[in-house]
$ cat final31.cif   # mmCIF, C-alpha atoms and all ligand atoms; chains and numbers go by the auth columns
data_coords
#
loop_
_atom_site.group_PDB
_atom_site.id
_atom_site.type_symbol
_atom_site.label_atom_id
_atom_site.label_comp_id
_atom_site.label_asym_id
_atom_site.label_seq_id
_atom_site.Cartn_x
_atom_site.Cartn_y
_atom_site.Cartn_z
_atom_site.B_iso_or_equiv
_atom_site.auth_seq_id
_atom_site.auth_asym_id
ATOM 1 C CA MET A 1 7.165 14.016 -2.888 0.00 6 A
ATOM 2 C CA LYS A 2 10.564 12.450 -3.314 0.00 7 A
ATOM 3 C CA LYS A 3 10.667 11.461 0.320 0.00 8 A
ATOM 4 C CA LEU A 4 7.307 9.791 0.011 0.00 9 A
ATOM 5 C CA PHE A 5 8.474 7.604 -2.830 0.00 10 A
ATOM 6 C CA PHE A 6 11.547 6.590 -0.927 0.00 11 A
ATOM 7 C CA PHE A 7 9.663 5.299 2.062 0.00 12 A
ATOM 8 C CA ILE A 8 7.342 3.384 -0.206 0.00 13 A
ATOM 9 C CA LEU A 9 10.301 1.793 -1.880 0.00 14 A
ATOM 10 C CA PHE A 10 11.788 0.951 1.446 0.00 15 A
ATOM 11 C CA PHE A 11 8.666 -0.785 2.618 0.00 16 A
ATOM 12 C CA ILE A 12 9.127 -3.703 0.346 0.00 17 A
ATOM 13 C CA LEU A 13 12.630 -4.318 1.665 0.00 18 A
ATOM 14 C CA VAL A 14 11.415 -4.970 5.161 0.00 19 A
ATOM 15 C CA SER A 15 7.843 -6.085 4.931 0.00 20 A
ATOM 16 C CA PHE A 16 8.321 -9.774 4.406 0.00 21 A
ATOM 17 C CA SER A 17 11.249 -10.175 6.711 0.00 22 A
ATOM 18 C CA LYS A 18 10.774 -12.501 9.641 0.00 23 A
ATOM 19 C CA SER A 19 13.328 -10.557 11.642 0.00 24 A
ATOM 20 C CA PHE A 20 11.256 -7.385 11.854 0.00 25 A
ATOM 21 C CA ALA A 21 11.773 -6.411 15.473 0.00 26 A
ATOM 22 C CA VAL A 22 8.613 -5.720 17.423 0.00 27 A
ATOM 23 C CA GLU A 23 10.028 -6.051 20.929 0.00 28 A
ATOM 24 C CA VAL A 24 9.536 -2.777 22.733 0.00 29 A
ATOM 25 C CA ASP A 25 9.383 -2.086 26.435 0.00 30 A
ATOM 26 C CA SER A 26 5.635 -1.782 26.901 0.00 31 A
ATOM 27 C CA SER A 27 6.099 0.090 30.196 0.00 32 A
ATOM 28 C CA LEU A 28 7.438 3.042 28.207 0.00 33 A
ATOM 29 C CA TRP A 29 4.473 3.256 25.903 0.00 34 A
ATOM 30 C CA GLN A 30 0.996 4.583 26.409 0.00 35 A
ATOM 31 C CA THR A 31 -1.752 2.931 24.428 0.00 36 A
ATOM 32 C CA LYS A 32 -5.004 3.862 22.819 0.00 37 A
ATOM 33 C CA LYS A 33 -7.204 1.133 21.388 0.00 38 A
ATOM 34 C CA SER A 34 -10.051 0.819 18.932 0.00 39 A
ATOM 35 C CA GLN A 35 -11.708 -2.112 17.208 0.00 40 A
ATOM 36 C CA HIS A 36 -8.940 -2.722 14.677 0.00 41 A
ATOM 37 C CA PHE A 37 -5.930 -0.844 16.079 0.00 42 A
ATOM 38 C CA ILE A 38 -3.711 -0.381 19.081 0.00 43 A
ATOM 39 C CA ILE A 39 -1.705 2.832 18.991 0.00 44 A
ATOM 40 C CA TYR A 40 1.501 2.835 21.076 0.00 45 A
ATOM 41 C CA TYR A 41 2.930 6.274 21.741 0.00 46 A
ATOM 42 C CA GLN A 42 5.286 8.030 24.121 0.00 47 A
ATOM 43 C CA GLU A 43 5.193 11.748 23.596 0.00 48 A
ATOM 44 C CA ALA A 44 2.577 12.691 21.074 0.00 49 A
ATOM 45 C CA PRO A 45 -0.043 15.432 21.187 0.00 50 A
ATOM 46 C CA VAL A 46 -3.359 13.985 22.376 0.00 51 A
ATOM 47 C CA ALA A 47 -5.082 15.487 19.354 0.00 52 A
ATOM 48 C CA PHE A 48 -2.664 13.677 17.030 0.00 53 A
ATOM 49 C CA VAL A 49 -3.274 10.295 18.696 0.00 54 A
ATOM 50 C CA ASP A 50 -7.034 10.881 18.619 0.00 55 A
ATOM 51 C CA GLU A 51 -6.893 11.782 14.951 0.00 56 A
ATOM 52 C CA LEU A 52 -4.717 8.749 14.233 0.00 57 A
ATOM 53 C CA ILE A 53 -7.142 6.283 15.797 0.00 58 A
ATOM 54 C CA TYR A 54 -10.131 7.975 14.196 0.00 59 A
ATOM 55 C CA LYS A 55 -8.588 8.070 10.711 0.00 60 A
ATOM 56 C CA SER A 56 -7.177 4.550 11.013 0.00 61 A
ATOM 57 C CA GLU A 57 -10.651 3.142 11.663 0.00 62 A
ATOM 58 C CA ASN A 58 -12.099 5.230 8.812 0.00 63 A
ATOM 59 C CA TYR A 59 -9.396 4.082 6.419 0.00 64 A
ATOM 60 C CA TYR A 60 -9.823 0.482 7.481 0.00 65 A
ATOM 61 C CA ASN A 61 -13.495 0.717 6.515 0.00 66 A
ATOM 62 C CA SER A 62 -12.957 2.581 3.259 0.00 67 A
ATOM 63 C CA ILE A 63 -10.079 0.325 2.149 0.00 68 A
ATOM 64 C CA VAL A 64 -11.870 -2.974 2.807 0.00 69 A
ATOM 65 C CA ASP A 65 -14.894 -1.535 1.035 0.00 70 A
ATOM 66 C CA GLU A 66 -12.912 -0.295 -1.956 0.00 71 A
ATOM 67 C CA LEU A 67 -11.081 -3.617 -2.400 0.00 72 A
ATOM 68 C CA GLY A 68 -14.305 -5.618 -2.135 0.00 73 A
ATOM 69 C CA TYR A 69 -13.405 -7.188 1.239 0.00 74 A
ATOM 70 C CA ARG A 70 -16.385 -5.642 3.012 0.00 75 A
ATOM 71 C CA ARG A 71 -17.833 -8.876 4.398 0.00 76 A
ATOM 72 C CA LEU A 72 -14.558 -9.999 5.927 0.00 77 A
ATOM 73 C CA ASP A 73 -13.598 -8.598 9.278 0.00 78 A
ATOM 74 C CA PHE A 74 -10.292 -10.323 9.527 0.00 79 A
ATOM 75 C CA TRP A 75 -8.259 -8.448 12.086 0.00 80 A
ATOM 76 C CA SER A 76 -10.243 -6.982 14.894 0.00 81 A
ATOM 77 C CA TRP A 77 -9.827 -7.329 18.677 0.00 82 A
ATOM 78 C CA ASP A 78 -7.238 -10.002 19.505 0.00 83 A
ATOM 79 C CA ASN A 79 -5.631 -9.579 16.097 0.00 84 A
ATOM 80 C CA ARG A 80 -5.573 -5.817 16.008 0.00 85 A
ATOM 81 C CA ALA A 81 -2.904 -4.024 14.005 0.00 86 A
ATOM 82 C CA LYS A 82 -0.317 -2.146 16.047 0.00 87 A
ATOM 83 C CA ILE A 83 0.945 1.310 15.215 0.00 88 A
ATOM 84 C CA TYR A 84 4.060 2.498 17.053 0.00 89 A
ATOM 85 C CA LEU A 85 4.256 6.255 17.003 0.00 90 A
ATOM 86 C CA TYR A 86 7.687 7.699 17.758 0.00 91 A
ATOM 87 C CA LYS A 87 7.815 11.279 18.943 0.00 92 A
ATOM 88 C CA ASN A 88 9.959 12.581 16.072 0.00 93 A
ATOM 89 C CA ALA A 89 12.136 11.561 13.124 0.00 94 A
ATOM 90 C CA GLU A 90 15.296 11.313 15.224 0.00 95 A
ATOM 91 C CA ASP A 91 13.689 9.010 17.793 0.00 96 A
ATOM 92 C CA PHE A 92 12.272 6.850 15.017 0.00 97 A
ATOM 93 C CA GLN A 93 15.635 6.602 13.275 0.00 98 A
ATOM 94 C CA THR A 94 17.496 5.769 16.480 0.00 99 A
ATOM 95 C CA ASN A 95 15.069 3.029 17.435 0.00 100 A
ATOM 96 C CA THR A 96 14.527 1.460 14.054 0.00 101 A
ATOM 97 C CA GLN A 97 17.967 2.076 12.513 0.00 102 A
ATOM 98 C CA ARG A 98 16.296 3.412 9.408 0.00 103 A
ATOM 99 C CA SER A 99 17.548 6.230 7.221 0.00 104 A
ATOM 100 C CA ALA A 100 16.275 9.776 7.414 0.00 105 A
ATOM 101 C CA TRP A 101 14.108 9.382 4.314 0.00 106 A
ATOM 102 C CA THR A 102 12.075 6.480 5.711 0.00 107 A
ATOM 103 C CA GLY A 103 8.686 7.776 6.834 0.00 108 A
ATOM 104 C CA ALA A 104 7.310 4.470 8.084 0.00 109 A
ATOM 105 C CA ILE A 105 8.172 0.811 8.183 0.00 110 A
ATOM 106 C CA VAL A 106 5.615 -1.924 8.031 0.00 111 A
ATOM 107 C CA SER A 107 5.602 -5.616 8.724 0.00 112 A
ATOM 108 C CA VAL A 108 2.622 -7.167 7.003 0.00 113 A
ATOM 109 C CA ARG A 109 3.468 -10.464 8.673 0.00 114 A
ATOM 110 C CA ASN A 110 3.185 -8.977 12.170 0.00 115 A
ATOM 111 C CA ARG A 111 0.542 -6.393 11.276 0.00 116 A
ATOM 112 C CA VAL A 112 2.799 -3.682 12.687 0.00 117 A
ATOM 113 C CA MET A 113 3.546 -0.155 11.487 0.00 118 A
ATOM 114 C CA LYS A 114 6.216 2.076 12.980 0.00 119 A
ATOM 115 C CA THR A 115 6.191 5.750 12.207 0.00 120 A
ATOM 116 C CA PHE A 116 6.570 9.157 13.853 0.00 121 A
ATOM 117 C CA VAL A 117 4.824 12.450 14.501 0.00 122 A
ATOM 118 C CA GLY A 118 5.283 15.499 12.292 0.00 123 A
ATOM 119 C CA GLN A 119 5.328 14.305 8.693 0.00 124 A
ATOM 120 C CA ASP A 120 3.788 15.943 5.669 0.00 125 A
ATOM 121 C CA HIS A 121 1.072 13.895 4.016 0.00 126 A
ATOM 122 C CA PHE A 122 0.960 11.489 6.930 0.00 127 A
ATOM 123 C CA PHE A 123 -2.810 11.253 7.228 0.00 128 A
ATOM 124 C CA ASP A 124 -3.758 11.591 3.590 0.00 129 A
ATOM 125 C CA SER A 125 -1.111 9.423 1.916 0.00 130 A
ATOM 126 C CA LEU A 126 1.331 7.569 4.134 0.00 131 A
ATOM 127 C CA LEU A 127 -1.223 6.109 6.549 0.00 132 A
ATOM 128 C CA PRO A 128 -3.706 4.753 3.964 0.00 133 A
ATOM 129 C CA HIS A 129 -0.858 3.526 1.741 0.00 134 A
ATOM 130 C CA GLU A 130 0.839 1.481 4.462 0.00 135 A
ATOM 131 C CA MET A 131 -2.429 0.257 5.909 0.00 136 A
ATOM 132 C CA THR A 132 -3.490 -1.020 2.488 0.00 137 A
ATOM 133 C CA HIS A 133 -0.282 -3.056 2.261 0.00 138 A
ATOM 134 C CA ILE A 134 -1.267 -4.799 5.493 0.00 139 A
ATOM 135 C CA ILE A 135 -4.905 -5.378 4.482 0.00 140 A
ATOM 136 C CA PHE A 136 -4.098 -6.641 0.977 0.00 141 A
ATOM 137 C CA ARG A 137 -1.408 -9.038 2.180 0.00 142 A
ATOM 138 C CA GLU A 138 -3.586 -10.170 5.074 0.00 143 A
ATOM 139 C CA PHE A 139 -6.063 -11.320 2.466 0.00 144 A
ATOM 140 C CA ILE A 140 -3.844 -12.843 -0.232 0.00 145 A
ATOM 141 C CA GLY A 141 -1.100 -14.187 2.069 0.00 146 A
ATOM 142 C CA VAL A 142 2.298 -12.833 3.021 0.00 147 A
ATOM 143 C CA ASN A 143 4.216 -15.327 0.887 0.00 148 A
ATOM 144 C CA THR A 144 2.165 -15.056 -2.302 0.00 149 A
ATOM 145 C CA PRO A 145 4.636 -14.079 -5.046 0.00 150 A
ATOM 146 C CA LEU A 146 3.645 -10.926 -6.916 0.00 151 A
ATOM 147 C CA PRO A 147 5.355 -8.340 -9.090 0.00 152 A
ATOM 148 C CA LEU A 148 6.033 -5.135 -7.186 0.00 153 A
ATOM 149 C CA TRP A 149 3.537 -3.129 -9.256 0.00 154 A
ATOM 150 C CA ILE A 150 0.570 -5.054 -7.877 0.00 155 A
ATOM 151 C CA ASP A 151 1.522 -4.540 -4.206 0.00 156 A
ATOM 152 C CA GLU A 152 2.457 -0.899 -4.715 0.00 157 A
ATOM 153 C CA GLY A 153 -0.417 -0.235 -7.098 0.00 158 A
ATOM 154 C CA VAL A 154 -2.983 -1.507 -4.623 0.00 159 A
ATOM 155 C CA ALA A 155 -1.413 0.535 -1.790 0.00 160 A
ATOM 156 C CA SER A 156 -1.059 3.687 -3.919 0.00 161 A
ATOM 157 C CA SER A 157 -4.625 3.407 -5.216 0.00 162 A
ATOM 158 C CA GLN A 158 -5.845 4.106 -1.682 0.00 163 A
ATOM 159 C CA GLU A 159 -3.860 7.286 -1.104 0.00 164 A
ATOM 160 C CA LYS A 160 -5.906 10.435 -0.973 0.00 165 A
ATOM 161 C CA SER A 161 -3.943 13.576 -1.848 0.00 166 A
ATOM 162 C CA ASN A 162 -1.401 11.873 -4.120 0.00 167 A
ATOM 163 C CA LEU A 163 -3.729 9.778 -6.213 0.00 168 A
ATOM 164 C CA SER A 164 -5.041 12.429 -8.597 0.00 169 A
ATOM 165 C CA ALA A 165 -1.477 13.562 -9.375 0.00 170 A
ATOM 166 C CA ARG A 166 -0.468 9.964 -10.014 0.00 171 A
ATOM 167 C CA MET A 167 -3.454 9.428 -12.311 0.00 172 A
ATOM 168 C CA GLN A 168 -2.679 12.566 -14.292 0.00 173 A
ATOM 169 C CA MET A 169 0.926 11.511 -14.637 0.00 174 A
ATOM 170 C CA ALA A 170 -0.109 8.060 -15.880 0.00 175 A
ATOM 171 C CA LYS A 171 -2.540 9.637 -18.332 0.00 176 A
ATOM 172 C CA ASN A 172 0.209 11.879 -19.720 0.00 177 A
ATOM 173 C CA LEU A 173 2.596 8.956 -20.027 0.00 178 A
ATOM 174 C CA VAL A 174 0.009 7.006 -22.009 0.00 179 A
ATOM 175 C CA ALA A 175 -0.882 10.015 -24.186 0.00 180 A
ATOM 176 C CA LYS A 176 2.784 10.566 -25.033 0.00 181 A
ATOM 177 C CA ASN A 177 3.449 6.872 -25.409 0.00 182 A
ATOM 178 C CA GLN A 178 6.118 7.092 -22.697 0.00 183 A
ATOM 179 C CA TYR A 179 4.654 4.587 -20.280 0.00 184 A
ATOM 180 C CA ILE A 180 6.426 1.387 -19.231 0.00 185 A
ATOM 181 C CA LYS A 181 5.071 -1.652 -21.066 0.00 186 A
ATOM 182 C CA LEU A 182 3.184 -3.917 -18.689 0.00 187 A
ATOM 183 C CA ASP A 183 5.530 -6.762 -19.418 0.00 188 A
ATOM 184 C CA ASN A 184 8.525 -4.629 -18.368 0.00 189 A
ATOM 185 C CA LEU A 185 6.687 -3.138 -15.415 0.00 190 A
ATOM 186 C CA SER A 186 6.108 -6.677 -14.165 0.00 191 A
ATOM 187 C CA LYS A 187 9.842 -7.370 -14.185 0.00 192 A
ATOM 188 C CA THR A 188 10.637 -4.314 -12.043 0.00 193 A
ATOM 189 C CA ASN A 189 11.439 -5.204 -8.464 0.00 194 A
ATOM 190 C CA ASN A 190 14.388 -2.952 -7.814 0.00 195 A
ATOM 191 C CA PHE A 191 14.425 0.667 -8.977 0.00 196 A
ATOM 192 C CA GLU A 192 18.170 1.163 -8.930 0.00 197 A
ATOM 193 C CA LYS A 193 18.952 -2.018 -10.762 0.00 198 A
ATOM 194 C CA ASP A 194 16.081 -1.661 -13.202 0.00 199 A
ATOM 195 C CA THR A 195 16.639 2.100 -13.676 0.00 200 A
ATOM 196 C CA VAL A 196 12.953 2.865 -13.496 0.00 201 A
ATOM 197 C CA ALA A 197 11.910 6.286 -12.202 0.00 202 A
ATOM 198 C CA PRO A 198 9.898 5.679 -9.005 0.00 203 A
ATOM 199 C CA ASP A 199 7.313 8.359 -9.782 0.00 204 A
ATOM 200 C CA ILE A 200 6.571 6.782 -13.161 0.00 205 A
ATOM 201 C CA PHE A 201 6.453 3.322 -11.621 0.00 206 A
ATOM 202 C CA TYR A 202 4.057 4.293 -8.816 0.00 207 A
ATOM 203 C CA SER A 203 1.811 6.329 -11.089 0.00 208 A
ATOM 204 C CA GLU A 204 1.451 3.544 -13.572 0.00 209 A
ATOM 205 C CA ALA A 205 0.978 0.882 -10.904 0.00 210 A
ATOM 206 C CA ALA A 206 -1.713 2.926 -9.130 0.00 211 A
ATOM 207 C CA SER A 207 -3.538 3.633 -12.382 0.00 212 A
ATOM 208 C CA LEU A 208 -3.563 -0.045 -13.357 0.00 213 A
ATOM 209 C CA ILE A 209 -5.231 -0.968 -10.081 0.00 214 A
ATOM 210 C CA VAL A 210 -7.686 1.949 -10.346 0.00 215 A
ATOM 211 C CA PHE A 211 -8.500 0.661 -13.833 0.00 216 A
ATOM 212 C CA LEU A 212 -9.129 -2.869 -12.538 0.00 217 A
ATOM 213 C CA ILE A 213 -11.264 -1.735 -9.605 0.00 218 A
ATOM 214 C CA HIS A 214 -13.238 1.028 -11.293 0.00 219 A
ATOM 215 C CA GLN A 215 -13.682 -0.499 -14.710 0.00 220 A
ATOM 216 C CA GLU A 216 -14.536 -3.990 -13.572 0.00 221 A
ATOM 217 C CA GLY A 217 -15.840 -3.501 -10.052 0.00 222 A
ATOM 218 C CA LYS A 218 -15.028 -4.573 -6.515 0.00 223 A
ATOM 219 C CA ASP A 219 -16.489 -8.071 -6.847 0.00 224 A
ATOM 220 C CA ARG A 220 -14.081 -8.801 -9.658 0.00 225 A
ATOM 221 C CA PHE A 221 -11.181 -7.497 -7.593 0.00 226 A
ATOM 222 C CA LEU A 222 -12.302 -9.715 -4.714 0.00 227 A
ATOM 223 C CA GLU A 223 -12.316 -12.683 -7.093 0.00 228 A
ATOM 224 C CA PHE A 224 -8.830 -11.742 -8.283 0.00 229 A
ATOM 225 C CA SER A 225 -7.643 -11.518 -4.661 0.00 230 A
ATOM 226 C CA ARG A 226 -9.184 -14.910 -3.889 0.00 231 A
ATOM 227 C CA SER A 227 -7.407 -16.459 -6.856 0.00 232 A
ATOM 228 C CA LEU A 228 -4.085 -15.089 -5.606 0.00 233 A
ATOM 229 C CA ARG A 229 -4.820 -16.341 -2.105 0.00 234 A
ATOM 230 C CA ASP A 230 -5.626 -19.787 -3.538 0.00 235 A
ATOM 231 C CA GLY A 231 -2.208 -19.984 -5.143 0.00 236 A
ATOM 232 C CA ILE A 232 -3.052 -19.171 -8.761 0.00 237 A
ATOM 233 C CA ASN A 233 -0.177 -17.418 -10.512 0.00 238 A
ATOM 234 C CA TRP A 234 -0.842 -13.659 -10.724 0.00 239 A
ATOM 235 C CA ARG A 235 -0.705 -13.563 -14.514 0.00 240 A
ATOM 236 C CA SER A 236 -3.152 -16.453 -14.920 0.00 241 A
ATOM 237 C CA ALA A 237 -5.411 -14.944 -12.258 0.00 242 A
ATOM 238 C CA LEU A 238 -5.513 -11.569 -14.055 0.00 243 A
ATOM 239 C CA LEU A 239 -6.280 -13.114 -17.438 0.00 244 A
ATOM 240 C CA LYS A 240 -8.881 -15.542 -16.139 0.00 245 A
ATOM 241 C CA VAL A 241 -10.758 -13.268 -13.744 0.00 246 A
ATOM 242 C CA TYR A 242 -10.785 -10.240 -16.042 0.00 247 A
ATOM 243 C CA ASN A 243 -11.242 -12.178 -19.303 0.00 248 A
ATOM 244 C CA PHE A 244 -8.163 -10.808 -21.012 0.00 249 A
ATOM 245 C CA THR A 245 -6.654 -13.043 -23.672 0.00 250 A
ATOM 246 C CA THR A 246 -3.162 -11.671 -23.065 0.00 251 A
ATOM 247 C CA LEU A 247 -1.398 -9.067 -20.895 0.00 252 A
ATOM 248 C CA GLU A 248 -1.090 -6.940 -24.055 0.00 253 A
ATOM 249 C CA GLU A 249 -4.883 -6.882 -24.312 0.00 254 A
ATOM 250 C CA MET A 250 -5.116 -5.742 -20.702 0.00 255 A
ATOM 251 C CA GLU A 251 -2.534 -3.042 -21.431 0.00 256 A
ATOM 252 C CA GLN A 252 -4.561 -1.783 -24.392 0.00 257 A
ATOM 253 C CA GLU A 253 -7.775 -1.619 -22.335 0.00 258 A
ATOM 254 C CA TRP A 254 -5.940 0.221 -19.555 0.00 259 A
ATOM 255 C CA LYS A 255 -4.580 2.728 -22.094 0.00 260 A
ATOM 256 C CA ASP A 256 -8.092 3.373 -23.453 0.00 261 A
ATOM 257 C CA PHE A 257 -9.347 3.837 -19.894 0.00 262 A
ATOM 258 C CA MET A 258 -6.544 6.262 -19.061 0.00 263 A
ATOM 259 C CA LEU A 259 -6.994 8.375 -22.181 0.00 264 A
ATOM 260 C CA GLY A 260 -10.627 8.911 -21.194 0.00 265 A
ATOM 261 C CA TYR A 261 -9.828 9.462 -17.501 0.00 266 A
ATOM 262 C CA LYS A 262 -10.968 12.805 -16.109 0.00 267 A
HETATM 263 ZN ZN ZN B . 4.226 0.795 -0.604 0.00 301 B
#
$ encode --input "final31.cif" --output "structure tokens"
Amino acid sequence: MKKLFFFILFFILVSFSKSFAVEVDSSLWQTKKSQHFIIYYQEAPVAFVDELIYKSENYYNSIVDELGYRRLDFWSWDNRAKIYLYKNAEDFQTNTQRSAWTGAIVSVRNRVMKTFVGQDHFFDSLLPHEMTHIIFREFIGVNTPLPLWIDEGVASSQEKSNLSARMQMAKNLVAKNQYIKLDNLSKTNNFEKDTVAPDIFYSEAASLIVFLIHQEGKDRFLEFSRSLRDGINWRSALLKVYNFTTLEEMEQEWKDFMLGYK
């Protein structure tokens, strides 16, 4: 679990960088392609690559549906996302110069994910999480300024195995009045500096997005995303689209939702 949080944290450090290296010697890589993805791999079990392409397409469909982006097919064929699959952790670390705890790196700007074979929770958490980062930013724009909780909340809301644990944690935090106030959560962009526990941060962020999507519906989330894309400040967009008078009012409604969450 700890490892998972670390790679998620790391994502944000690299995702908006223009210097994200994507140059690889294509003669060394085999490829497998589908409508929305090109998988590059060297030594990976055929079954793993097949499962990756199958699940990537399934997640693409479920994520765009869940976020309300169903009618927009914005990155197929010529604009397909690329997933580079290294054969193991060591190979990944050598080629990306990332630390041992990084499970994947993503460039939303280049629509590229780099990862490796043999990780726990790869298919049910890491893959949908990172893919959601790409899809969400593809829609709202790479340079749109947002607090970290919105990016990570949207991505975490699409995880499979982790989500119920995150929701239960958020519910407990609310019940015990130990949650991070929304105003403070919105100021958190660096865990070490802000001394916020990552598991609390991710749980709360995910639950806020689940609240917005499930309480108010996909169309409303689409409208919120459009407002962000059109350059409206995230706070104004939240209040206007969801009819909250203040962020405190949103926080109260989220707390009520969480206390009743099963
Ligand atoms: Zn993330």
$ resolve_selection --input "final31.cif" --expression "the PyMOL selection byres (((chain A and resi 69-76) around 7) and not hetatm)" --output "VMD selection string"
chain A and resid 65 to 68 77 to 78 223 to 224 226 to 227
$ atom_distance --input "final31.cif" --atom1 "CA of Glu228 in chain A" --atom2 "CA of Ala242 in chain A"
8.9 Å
$ closest_residue --input "final31.cif" --among "A:Ile145, A:Leu217, A:Ala170, A:Leu131" --to "Met118 in chain A" --atoms "all atoms listed in the file"
A:Leu131
$ atom_distance --input "final31.cif" --atom1 "CA of Gly108 in chain A" --atom2 "CA of Ser61 in chain A"
16.7 Å
$ atom_distance --input "final31.cif" --atom1 "CA of Asp83 in chain A" --atom2 "CA of Arg142 in chain A"
18.3 Å
$ resolve_selection --input "final31.cif" --expression "the PyMOL selection byres (((chain A and resi 95) around 12) and not hetatm)" --output "MDAnalysis selection string"
chainID A and resid 91:94 96:108 120:123
$ residues_near_point --input "final31.cif" --point "(3.5, 5.4, -20.7)" --cutoff "10 Å" --atoms "all atoms listed in the file" --output "number ranges by chain"
A: 174-187, 205-206, 208-209, 260
$ write_last_selection --input "final31.cif" --atoms "C-alpha atoms" --output "compact mmCIF listing (two decimals), in the coordinates of the input"
# COMPACT_ATOMS: atom_id res chain seq x y z
CA MET A 174 0.93 11.51 -14.64
CA ALA A 175 -0.11 8.06 -15.88
CA LYS A 176 -2.54 9.64 -18.33
CA ASN A 177 0.21 11.88 -19.72
CA LEU A 178 2.60 8.96 -20.03
CA VAL A 179 0.01 7.01 -22.01
CA ALA A 180 -0.88 10.02 -24.19
CA LYS A 181 2.78 10.57 -25.03
CA ASN A 182 3.45 6.87 -25.41
CA GLN A 183 6.12 7.09 -22.70
CA TYR A 184 4.65 4.59 -20.28
CA ILE A 185 6.43 1.39 -19.23
CA LYS A 186 5.07 -1.65 -21.07
CA LEU A 187 3.18 -3.92 -18.69
CA ILE A 205 6.57 6.78 -13.16
CA PHE A 206 6.45 3.32 -11.62
CA SER A 208 1.81 6.33 -11.09
CA GLU A 209 1.45 3.54 -13.57
CA LYS A 260 -4.58 2.73 -22.09
$ closest_residue --input "final31.cif" --among "A:Phe141, A:Ser212, A:Phe53, A:Leu233" --to "Gly158 in chain A" --atoms "all atoms listed in the file"
A:Ser212
$ closest_residue --input "final31.cif" --among "A:Gln124, A:Ser166, A:Ser32, A:Ser112" --to "ligand ZN 301 (chain B)" --atoms "all atoms listed in the file"
A:Ser112
$ closest_residue --input "final31.cif" --among "A:Val113, A:Ile44, A:Ala52, A:Leu264" --to "ligand ZN 301 (chain B)" --atoms "all atoms listed in the file"
A:Val113
$ residues_around --input "final31.cif" --residues "Asn189 in chain A" --least-positions-apart "3" --cutoff "12 Å" --atoms "all atoms listed in the file" --output "PyMOL selection string"
chain A and resi 152-154+184-186+192-194+199-201+206+209-210+252-253+256
$ resolve_selection --input "final31.cif" --expression "the PyMOL selection byres (((chain A and resi 86) around 7) and not hetatm)" --output "list in words"
His41, Phe42, Ile43, Asn84, Arg85, Lys87, Ile88, Arg116 and Val117 of chain A
$ axis_aligned_box --input "final31.cif" --around "range 209-221 of chain A" --padding-each-side "3 Å" --output "JSON"
{"center_x": -6.5, "center_y": -0.2, "center_z": -11.9, "size_x": 22.0, "size_y": 13.6, "size_z": 11.6}
$ residues_around --input "final31.cif" --residues "Glu135 in chain A" --least-positions-apart "3" --cutoff "9 Å" --atoms "only C-alpha atoms" --output "list in words"
Ile13, Phe16, Ala109, Ile110, Val111, Met118, Ser130, Leu131, Leu132, His138, Ile139, Ile140, Ala160 and Ser161 of chain A
$ residues_around --input "final31.cif" --residues "Leu151 in chain A" --least-positions-apart "2" --cutoff "9 Å" --atoms "all atoms listed in the file" --output "list in words"
Asn148, Thr149, Leu153, Trp154, Ile155, Asp156, Ser191, Leu233, Asn238 and Trp239 of chain A
$ closest_residue --input "final31.cif" --among "A:Val246, A:Val147, A:Asp129, A:Leu90" --to "Asn115 in chain A" --atoms "all atoms listed in the file"
A:Val147
$ closest_residue --input "final31.cif" --among "A:Lys198, A:Lys60, A:His134, A:Arg225" --to "ligand ZN 301 (chain B)" --atoms "all atoms listed in the file"
A:His134
